[in-house]
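Source file: query_23.csv. Holds: CSV, C-alpha atoms.
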chain,number,residue,atom,x,y,z
A,1,MET,CA,-33.1,-0.9,31.0
A,2,MET,CA,-31.7,-2.4,27.8
A,3,GLN,CA,-31.8,0.9,26.0
A,4,ASN,CA,-29.7,2.3,28.9
A,5,THR,CA,-27.2,-0.6,28.4
A,6,ILE,CA,-27.0,0.2,24.6
A,7,ASP,CA,-26.4,3.9,25.4
A,8,GLN,CA,-23.6,2.9,27.8
A,9,LEU,CA,-22.0,0.7,25.3
A,10,ASN,CA,-22.0,3.5,22.8
A,11,THR,CA,-20.6,5.9,25.4
A,12,LEU,CA,-17.8,3.4,25.9
A,13,LYS,CA,-17.3,3.4,22.1
A,14,LEU,CA,-18.3,-0.3,21.9
A,15,PHE,CA,-20.4,0.5,18.9
A,16,GLY,CA,-20.2,-3.0,17.5
A,17,MET,CA,-21.5,-4.6,20.7
A,18,ALA,CA,-24.2,-2.0,21.0
A,19,ALA,CA,-25.4,-2.6,17.4
A,20,GLU,CA,-25.3,-6.4,17.9
A,21,LEU,CA,-27.3,-6.2,21.2
A,22,GLU,CA,-29.9,-4.0,19.5
A,23,ARG,CA,-30.2,-6.5,16.6
A,24,GLN,CA,-30.6,-9.4,19.1
A,25,LEU,CA,-33.4,-7.5,21.0
A,26,GLY,CA,-35.2,-7.1,17.7
A,27,ASN,CA,-35.0,-10.8,16.9
A,28,PRO,CA,-37.2,-12.9,19.3
A,29,THR,CA,-35.5,-16.1,18.2
A,30,MET,CA,-32.3,-14.9,19.8
A,31,ASN,CA,-33.9,-15.7,23.2
A,32,ASP,CA,-33.5,-19.4,22.4
A,33,LEU,CA,-29.7,-19.1,22.2
A,34,PRO,CA,-27.5,-19.7,25.3
A,35,PHE,CA,-26.3,-16.5,27.0
A,36,GLU,CA,-22.7,-17.4,26.2
A,37,HIS,CA,-23.5,-17.5,22.4
A,38,ARG,CA,-25.1,-14.2,22.5
A,39,VAL,CA,-22.2,-12.6,24.3
A,40,ARG,CA,-19.8,-14.2,21.9
A,41,SER,CA,-21.8,-12.8,19.0
A,42,MET,CA,-21.5,-9.3,20.5
A,43,VAL,CA,-17.8,-9.6,21.0
A,44,ASP,CA,-17.3,-10.9,17.5
A,45,HIS,CA,-19.3,-8.1,16.0
A,46,GLU,CA,-17.3,-5.5,18.0
A,47,SER,CA,-14.1,-7.1,16.7
A,48,THR,CA,-15.3,-7.0,13.1
A,49,VAL,CA,-16.4,-3.4,13.4
A,50,ARG,CA,-13.0,-2.4,14.8
A,51,GLU,CA,-11.1,-4.3,12.1
A,52,ASN,CA,-13.2,-2.6,9.3
A,53,LYS,CA,-12.7,0.8,10.9
A,54,ARG,CA,-8.9,0.2,11.1
A,55,LEU,CA,-8.8,-0.9,7.5
A,56,GLN,CA,-10.7,2.2,6.3
A,57,MET,CA,-8.3,4.4,8.3
A,58,LEU,CA,-5.2,2.6,6.8
A,59,LEU,CA,-6.6,2.9,3.3
A,60,LYS,CA,-7.4,6.5,3.7
A,61,LYS,CA,-3.8,7.2,4.9
A,62,ALA,CA,-2.3,5.1,2.1
A,63,LYS,CA,-3.8,7.4,-0.5
A,64,LEU,CA,-3.8,4.8,-3.2
A,65,PRO,CA,-4.8,6.3,-6.5
A,66,ILE,CA,-6.1,2.9,-7.8
A,67,GLY,CA,-8.6,0.6,-6.2
A,68,ALA,CA,-6.5,-2.5,-7.1
A,69,SER,CA,-6.4,-5.9,-5.3
A,70,ILE,CA,-4.2,-8.9,-5.6
A,71,GLU,CA,-7.3,-11.1,-6.3
A,72,ASP,CA,-7.8,-9.2,-9.6
A,73,ILE,CA,-4.3,-9.6,-11.0
A,74,ASP,CA,-4.5,-10.5,-14.7
A,75,TYR,CA,-2.0,-13.2,-15.6
A,76,ARG,CA,-3.5,-13.7,-19.1
A,77,THR,CA,-2.0,-10.6,-20.8
A,78,SER,CA,1.6,-11.2,-21.9
A,79,ARG,CA,3.8,-8.8,-19.9
A,80,GLY,CA,6.4,-11.0,-18.3
A,81,LEU,CA,4.4,-11.4,-15.1
A,82,ASP,CA,5.3,-14.8,-13.7
A,83,LYS,CA,2.5,-16.1,-11.5
A,84,PRO,CA,4.6,-18.2,-9.1
A,85,THR,CA,6.8,-15.2,-8.5
A,86,MET,CA,3.9,-12.9,-8.0
A,87,LEU,CA,2.2,-15.3,-5.6
A,88,SER,CA,5.4,-15.5,-3.5
A,89,LEU,CA,5.4,-11.7,-3.4
A,90,THR,CA,1.8,-11.4,-2.3
A,91,ASN,CA,2.5,-13.2,1.0
A,92,LEU,CA,4.4,-10.0,1.9
A,93,ASP,CA,7.1,-11.9,3.8
A,94,TRP,CA,9.5,-9.4,2.2
A,95,VAL,CA,7.7,-6.6,4.0
A,96,ARG,CA,7.9,-8.4,7.3
A,97,GLN,CA,11.6,-8.8,6.7
A,98,GLN,CA,12.1,-5.1,5.8
A,99,ASN,CA,13.1,-5.7,2.2
A,100,ASN,CA,12.0,-3.7,-0.8
A,101,LEU,CA,10.4,-4.4,-4.2
A,102,VAL,CA,11.4,-2.7,-7.5
A,103,ILE,CA,8.9,-2.9,-10.3
A,104,THR,CA,10.1,-1.7,-13.7
A,105,GLY,CA,8.7,-1.8,-17.2
A,106,PRO,CA,7.4,0.4,-20.1
A,107,THR,CA,4.5,2.8,-19.4
A,108,GLY,CA,1.1,1.1,-19.2
A,109,THR,CA,2.3,-2.4,-18.2
A,110,GLY,CA,0.7,-2.1,-14.8
A,111,LYS,CA,3.5,-1.2,-12.4
A,112,THR,CA,1.5,1.3,-10.4
A,113,TRP,CA,-1.6,-1.0,-10.4
A,114,LEU,CA,0.5,-3.9,-9.0
A,115,ALA,CA,2.1,-1.6,-6.4
A,116,CYS,CA,-1.4,-0.4,-5.3
A,117,ALA,CA,-2.7,-4.0,-5.2
A,118,LEU,CA,0.2,-5.1,-2.9
A,119,ALA,CA,-0.3,-2.0,-0.7
A,120,ASN,CA,-4.0,-2.6,-0.5
A,121,TYR,CA,-3.3,-6.2,0.7
A,122,ALA,CA,-0.8,-4.8,3.3
A,123,CYS,CA,-3.5,-2.6,4.7
A,124,ARG,CA,-5.9,-5.6,4.9
A,125,LEU,CA,-3.3,-7.3,7.0
A,126,GLY,CA,-3.1,-4.3,9.3
A,127,LEU,CA,0.2,-2.8,7.9
A,128,SER,CA,0.5,0.9,7.2
A,129,ALA,CA,1.2,2.0,3.6
A,130,HIS,CA,1.5,5.3,1.8
A,131,PHE,CA,1.6,6.1,-2.0
A,132,VAL,CA,3.5,9.1,-3.4
A,133,ARG,CA,4.9,10.0,-6.7
A,134,VAL,CA,8.7,10.6,-6.5
A,135,PRO,CA,8.6,14.1,-8.1
A,136,MET,CA,5.9,15.2,-5.5
A,137,LEU,CA,7.9,13.6,-2.7
A,138,MET,CA,11.1,15.5,-3.7
A,139,GLU,CA,9.1,18.8,-3.6
A,140,ASN,CA,7.7,17.9,-0.3
A,141,LEU,CA,11.2,17.1,1.2
A,142,LEU,CA,12.6,20.3,-0.3
A,143,SER,CA,9.8,22.3,1.4
A,144,ALA,CA,10.4,20.5,4.6
A,145,ARG,CA,14.1,21.6,4.5
A,146,ALA,CA,13.1,25.2,3.9
A,147,SER,CA,10.8,25.2,6.9
A,148,GLY,CA,13.2,23.3,9.1
A,149,SER,CA,11.0,20.2,9.4
A,150,PHE,CA,13.0,17.8,7.3
A,151,SER,CA,14.0,15.5,10.2
A,152,LEU,CA,10.4,15.4,11.4
A,153,ARG,CA,9.2,14.5,7.9
A,154,LEU,CA,11.7,11.7,7.7
A,155,GLU,CA,10.6,10.4,11.0
A,156,GLN,CA,6.9,10.5,9.8
A,157,LEU,CA,7.9,8.6,6.7
A,158,LYS,CA,9.9,6.0,8.7
A,159,LYS,CA,6.8,5.0,10.6
A,160,ILE,CA,5.1,3.9,7.4
A,161,GLU,CA,5.6,0.1,7.1
A,162,LEU,CA,5.3,0.1,3.3
A,163,LEU,CA,6.2,3.3,1.3
A,164,ILE,CA,5.3,3.3,-2.4
A,165,LEU,CA,7.6,5.5,-4.5
A,166,ASP,CA,5.9,5.8,-7.9
A,167,ASP,CA,7.6,7.0,-11.2
A,168,TRP,CA,11.2,6.9,-10.0
A,169,GLY,CA,13.4,8.7,-12.5
A,170,ILE,CA,10.6,10.3,-14.6
A,171,GLU,CA,12.1,13.7,-13.7
A,172,THR,CA,15.7,14.7,-13.3
A,173,PHE,CA,16.9,14.7,-9.7
A,174,SER,CA,18.4,18.0,-8.6
A,175,LYS,CA,21.6,17.9,-6.4
A,176,ARG,CA,19.5,18.7,-3.3
A,177,ALA,CA,16.9,16.0,-4.2
A,178,GLN,CA,19.7,13.4,-4.6
A,179,ASN,CA,20.9,14.0,-1.1
A,180,ASP,CA,17.4,14.0,0.3
A,181,LEU,CA,16.7,10.7,-1.5
A,182,LEU,CA,19.8,9.2,0.0
A,183,GLU,CA,18.7,10.2,3.5
A,184,LEU,CA,15.2,8.8,2.9
A,185,VAL,CA,16.5,5.5,1.6
A,186,ASP,CA,19.1,5.3,4.4
A,187,SER,CA,16.5,6.0,7.1
A,188,ARG,CA,14.4,3.0,6.0
A,189,LEU,CA,17.2,0.5,5.3
A,190,GLY,CA,16.6,-2.6,7.3
A,191,ILE,CA,13.8,-1.0,9.2
A,192,ARG,CA,10.9,-0.4,6.8
A,193,SER,CA,10.0,-1.5,3.2
A,194,MET,CA,9.4,0.3,-0.1
A,195,ILE,CA,7.9,-0.5,-3.5
A,196,ILE,CA,9.6,1.5,-6.2
A,197,THR,CA,8.1,1.7,-9.7
A,198,SER,CA,10.1,3.0,-12.7
A,199,GLN,CA,9.9,3.0,-16.5
A,200,PHE,CA,13.7,2.5,-16.4
A,201,PRO,CA,15.5,-0.7,-15.5
A,202,MET,CA,17.7,-0.4,-12.4
A,203,SER,CA,20.8,-0.6,-14.5
A,204,HIS,CA,20.0,2.9,-15.8
A,205,TRP,CA,19.3,4.5,-12.4
A,206,HIS,CA,22.9,5.2,-11.6
A,207,ASP,CA,23.5,7.2,-14.8
A,208,ALA,CA,20.4,9.4,-13.9
A,209,LEU,CA,22.2,10.7,-10.8
A,210,ASP,CA,25.0,13.1,-11.6
A,211,ASN,CA,26.5,13.0,-8.0
A,212,LYS,CA,28.2,9.6,-8.4
A,213,THR,CA,29.1,9.3,-4.8
A,214,VAL,CA,25.5,9.7,-3.8
A,215,ALA,CA,24.5,7.5,-6.7
A,216,ASP,CA,26.8,4.7,-5.5
A,217,ALA,CA,25.3,4.9,-2.0
A,218,ILE,CA,21.7,4.9,-3.1
A,219,MET,CA,22.1,2.0,-5.5
A,220,ASP,CA,24.1,0.0,-3.1
A,221,ARG,CA,21.3,0.3,-0.5
A,222,ILE,CA,18.5,-0.5,-2.9
A,223,ALA,CA,20.2,-3.2,-5.0
A,224,HIS,CA,21.1,-5.3,-2.0
A,225,SER,CA,17.8,-5.2,-0.2
A,226,SER,CA,15.3,-5.4,-3.1
A,227,TYR,CA,13.3,-8.0,-5.0
A,228,THR,CA,12.8,-7.1,-8.6
A,229,LEU,CA,9.9,-7.5,-11.0
A,230,GLN,CA,10.5,-6.5,-14.6
A,231,LEU,CA,7.4,-6.1,-16.8
A,232,SER,CA,7.4,-6.0,-20.6
A,233,GLY,CA,5.0,-5.8,-23.5
A,234,GLU,CA,2.5,-3.3,-24.8
A,235,SER,CA,0.5,-0.8,-22.8
A,236,LEU,CA,-2.5,-2.4,-21.2
A,237,ARG,CA,-4.4,0.8,-21.8
A,238,LYS,CA,-3.7,0.5,-25.5
A,239,ILE,CA,-4.8,-3.1,-25.5
A,240,LYS,CA,-8.0,-2.4,-23.6
A,241,GLY,CA,-8.7,0.6,-25.8
A,242,ALA,CA,-8.3,-1.5,-28.9
A,243,THR,CA,-10.7,-4.1,-27.5
A,244,ARG,CA,-13.3,-1.5,-26.6
A,245,LYS,CA,-13.1,-0.1,-30.2
A,246,SER,CA,-13.4,-3.6,-31.6
A,247,ASN,CA,-16.5,-4.3,-29.5
A,248,LYS,CA,-18.1,-1.0,-30.6
A,249,THR,CA,-17.4,-1.9,-34.2
A,250,ILE,CA,-19.2,-5.3,-34.1
A,251,SER,CA,-22.0,-4.1,-31.9
A,252,PRO,CA,-25.4,-3.9,-33.6

Mind turning the file's structure into structure tokens?
Amino acid sequence: MMQNTIDQLNTLKLFGMAAELERQLGNPTMNDLPFEHRVRSMVDHESTVRENKRLQMLLKKAKLPIGASIEDIDYRTSRGLDKPTMLSLTNLDWVRQQNNLVITGPTGTGKTWLACALANYACRLGLSAHFVRVPMLMENLLSARASGSFSLRLEQLKKIELLILDDWGIETFSKRAQNDLLELVDSRLGIRSMIITSQFPMSHWHDALDNKTVADAIMDRIAHSSYTLQLSGESLRKIKGATRKSNKTISP
């Protein structure tokens, strides 16, 4: 009879409850617990299984290239990373308020890593995120225009609560890309949040866009809705590489 109950729970997609009931049946000491406790344990396990499944789904859709987490942020390396400021950003209130975050700094200072850490935490809180490099996104939007699905693509992106645009300005924006970028930014303004990473400070972004009318519109929307985090210092890859070489040198 109990096996039939387990099968029915699985049929109803209550996999966590089914697994917990099966575990209880295999543990004779569980019979000493009140019925209410055993049911509570089954419900809690079902909730945990669903939360883990949702997290894995969110992380899969986020497509984060780096397995970073806010708990592993390194504040020891000198790169202008202010701990109180970073801690205020990790609560993600700015995402809940539909604001943006711009992270700038030289290559190797950890811009992408920090963006992925914040996106990872957003997923853990049940928020949707998606990582994309700006050059690839521009190609994607251009293809969407050619196929007549541009509006649909914008709607898909607008559903993402935290969109990470990596390597802003690393390639020159074409005239078409500048207009597409404006539509993307405009579609998310006050509705959804973005993290934008760039090797160039925001003060240089305007000059990189040759259509000054579009440039004014894009910068106005980003500048007045974004927190900024400016990193500095040497490349962390270079520092870690030198440390590894040093360790190899002194190794027996």

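The space separating atom CA of A:Glu161 from atom CA of A:Thr48 comes to 22.9 Å.
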
_10 Å contact set for stretch 83-96 of chain A, only C-alpha atoms, chain neighbours under 6 positions out, as a PyMOL selection string_ = chain A and resi 70-71+73-76+114+117-119+121-122+125+127+161-162+191-195+225-227+229

| said: I'd like the contact shell of A:Asp166 - 7 Å cut-off, only C-alpha atoms, skipping same-chain residues fewer than 5 positions apart - returned as a PyMOL selection string. | reply: chain A and resi 112+132-134+196-198

> What is the atom CA of A:Leu9-atom CA of A:Asn27 distance in Å, reported with one decimal?
Replying inline: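 Going from atom CA of A:Leu9 over to atom CA of A:Asn27, I get 19.3 Å.
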
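In this comparison, which uses only C-alpha atoms, the residue of A:Ile160, A:Arg54, A:Asn31, A:Ala146 approaching A:Arg176 most closely is A:Ala146.
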
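The coordinates place atom CA of A:Ser128 at 6.0 Å from atom CA of A:Leu58.
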
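Considering the residues A:Met42, A:Leu231, A:Leu12, A:Ala177 and counting all atoms listed in the file, A:Gly80 has its shortest atom-to-atom contact with A:Leu231.
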
Residue with the minimum atom-to-atom distance to A:Thr228, picked from A:Glu20, A:Glu155, A:Asp82, A:Glu171 with all atoms listed in the file counted, is A:Asp82

*Any idea what's packed within 10 Å of A:Thr5, counting all atoms listed in the file, ignoring anything in its chain fewer than 4 positions away? Could you give it as a PyMOL selection string?*
chain A and resi 1+9-11+18+21-22

Pick from A:Met30, A:Ile170, A:Ala223, A:Ala208, whichever lies nearest to A:Thr107 using only C-alpha atoms: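 Comparing A:Met30, A:Ile170, A:Ala223, A:Ala208 against A:Thr107, the winner is A:Ile170.
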
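For A:Ala217, the non-local neighbours within 10 Å, defined as residues at least 6 positions apart in the same chain or in other chains and counting only C-alpha atoms, are Leu182, Val185, Asp186 and His206 of chain A.
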
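The shortest atom-to-atom distance to A:Thr104, with all atoms listed in the file taken into account, belongs to A:Met202 out of A:Met202, A:Leu55, A:Ala144, A:Leu189.
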
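Compared by their closest atoms to A:Leu163, and using all atoms listed in the file, the residues A:Phe131, A:Val39, A:Val102, A:Arg188 rank with A:Phe131 nearest.
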